[in-house]
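Everything on this sheet refers to the single structure shown next.
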Amino acid sequence: MRSNRPAWLLPLAVVAPASEAHATVYLSIEQAQAAIFPGATFSPRPKVLTPAQVKEIQKRSGQRVLSPRLLAWRASTGGWLIADRVIGKHEFITFAVGIDDSGAVKGVEVLEYRESYGGEIRGAAWRRQFAGKRLNPQLKLGAGIRNISGATLSSKHITDGVRRLLATHAVVLGPAA
C-alpha cells in the first residue's frame, strides 16, 4: 500500500545528531485524516503555489509562506486536510488542519513535535478551540485563541499556521479559488 506521506514529514532526527534530536511522532497523515474526517476517503491534491498565490496568502494571513509546495487531500465527505509545518521555538512542528467547504476549521492535529518542551499544544482542549474558526483578525493568540504557559511560541506559531492555512484554502482550494 502506497503511503500518502510526503518525504519532508520524515523525522528530522535522521539528519540531526542523536544528542540534540527530540522528536515525538503522534500521528500519521492517515490517522489525522481519520480523526478529523471520520469515515471519509481522501484524494491527494498536492499543488505548487504560484508567486501570485503566495503573495495573496501572505497578505490575507499576515504570515510568511515557508514553501510553495501545498500538501492537500480532498475528503470524500467534503472539505480538505492540509499538512504543513511551523517553527516552534527552535524546531519544526508538523501539523494538519481540516477545513470544511465553507472555510471553517474542522480540526487541528499535531503530527510531529520536536521541541524538548511545550508539547502541551497537543492537548485536545487546546486544539478544540480552533473548531469552527474562520480567517479573521480574532484568530490570534491572546484574542480568539488562549495561550499555554510554557508553550507560548508553539501556541503562537500553530495559531499563525492555522491562519495561514485558512488563507491558503481561500486562495487556492475554496469555492472562490
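By order of appearance in the C-alpha cells: chains A, B, ..., then residues from 1 within every chain, and ligands from 1 in the order shown.
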(Q) Which residues are near region 102-104 of chain A? Cut-off 12 Å, only C-alpha atoms, ignore same chain within fewer than 2 positions. Put them as a PyMOL selection string. (A) chain A and resi 78-81+97-100+106-108+130-136+139+162-163+165-177
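Every protein, DNA or RNA residue with an atom at most 8 Å from Lys89 (chain A), where only C-alpha atoms count and chain neighbours fewer than 4 positions away do not, is listed here: A:Glu115, A:Leu153, A:Ser154.
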Could the residues in this selection be saved with N, CA and C atoms as an mmCIF file, in the first residue's frame?
```cif
data_model
loop_
_atom_site.group_PDB
_atom_site.id
_atom_site.type_symbol
_atom_site.label_atom_id
_atom_site.label_comp_id
_atom_site.auth_asym_id
_atom_site.auth_seq_id
_atom_site.Cartn_x
_atom_site.Cartn_y
_atom_site.Cartn_z
ATOM 1 N N GLU A 115 10.370 19.813 19.785
ATOM 2 C CA GLU A 115 10.933 20.594 20.888
ATOM 3 C C GLU A 115 11.029 19.738 22.150
ATOM 4 N N LEU A 153 5.541 30.146 22.348
ATOM 5 C CA LEU A 153 5.922 30.217 20.931
ATOM 6 C C LEU A 153 5.250 29.125 20.111
ATOM 7 N N SER A 154 5.172 27.928 20.650
ATOM 8 C CA SER A 154 4.486 26.851 19.935
ATOM 9 C C SER A 154 3.011 27.199 19.752
#
```
Q) Counting only C-alpha atoms, which of A:Thr94, A:Ser67, A:Gln53, A:Gln33 gets nearest to Arg122 (chain A)? A)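 With only C-alpha atoms as the atom set, the closest residue is A:Thr94.
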Q.
Can you measure CA of Ser155 (chain A) to CA of Arg60 (chain A) for me? One decimal in Å is fine.
A.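 Computing the Euclidean distance for CA of Ser155 (chain A) and CA of Arg60 (chain A) yields 20.1 Å.
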Residues within 10 Å of Leu111 (chain A), only C-alpha atoms, excluding chain neighbours under 3 positions, as a compact mmCIF listing (two decimals) with N, CA and C atoms, in the first residue's frame:
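Output saved as result-v4.txt:
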```txt
# COMPACT_ATOMS: atom_id res chain seq x y z
N LEU A 9 7.90 14.88 5.73
CA LEU A 9 7.32 14.58 7.02
C LEU A 9 8.14 13.55 7.79
N THR A 24 8.82 13.62 18.74
CA THR A 24 7.72 12.74 19.10
C THR A 24 6.76 12.73 17.93
N VAL A 25 6.54 11.56 17.39
CA VAL A 25 5.57 11.39 16.30
C VAL A 25 4.27 10.96 16.94
N TYR A 26 3.24 11.79 16.78
CA TYR A 26 1.95 11.49 17.37
C TYR A 26 1.02 10.78 16.39
N LEU A 27 0.95 11.29 15.16
CA LEU A 27 0.01 10.76 14.18
C LEU A 27 0.62 10.75 12.79
N SER A 28 0.17 9.82 11.97
CA SER A 28 0.49 9.84 10.55
C SER A 28 -0.56 10.71 9.86
N ILE A 29 -0.33 11.01 8.60
CA ILE A 29 -1.33 11.73 7.81
C ILE A 29 -2.65 10.96 7.83
N GLN A 31 -3.85 8.87 10.00
CA GLN A 31 -4.50 8.94 11.31
C GLN A 31 -5.13 10.31 11.53
N ALA A 32 -4.47 11.36 11.09
CA ALA A 32 -5.04 12.71 11.20
C ALA A 32 -6.28 12.84 10.34
N ALA A 83 -1.58 19.53 5.32
CA ALA A 83 -0.47 19.30 6.25
C ALA A 83 0.59 20.36 5.99
N ASP A 84 1.19 20.84 7.06
CA ASP A 84 2.20 21.87 6.94
C ASP A 84 3.08 21.82 8.19
N ARG A 85 3.98 22.76 8.28
CA ARG A 85 4.82 22.84 9.47
C ARG A 85 5.13 24.30 9.78
N ILE A 93 7.37 22.00 13.92
CA ILE A 93 6.19 21.29 14.39
C ILE A 93 5.38 20.98 13.14
N THR A 94 5.12 19.71 12.90
CA THR A 94 4.33 19.30 11.75
C THR A 94 2.89 19.12 12.22
N PHE A 95 1.95 19.71 11.49
CA PHE A 95 0.56 19.68 11.91
C PHE A 95 -0.35 19.54 10.69
N ALA A 96 -1.60 19.22 10.95
CA ALA A 96 -2.60 19.12 9.88
C ALA A 96 -3.85 19.87 10.33
N VAL A 108 -7.70 20.35 14.22
CA VAL A 108 -6.25 20.53 14.13
C VAL A 108 -5.61 19.34 14.82
N ARG A 122 -0.46 19.75 22.05
CA ARG A 122 -1.06 18.52 21.58
C ARG A 122 -2.36 18.23 22.30
```
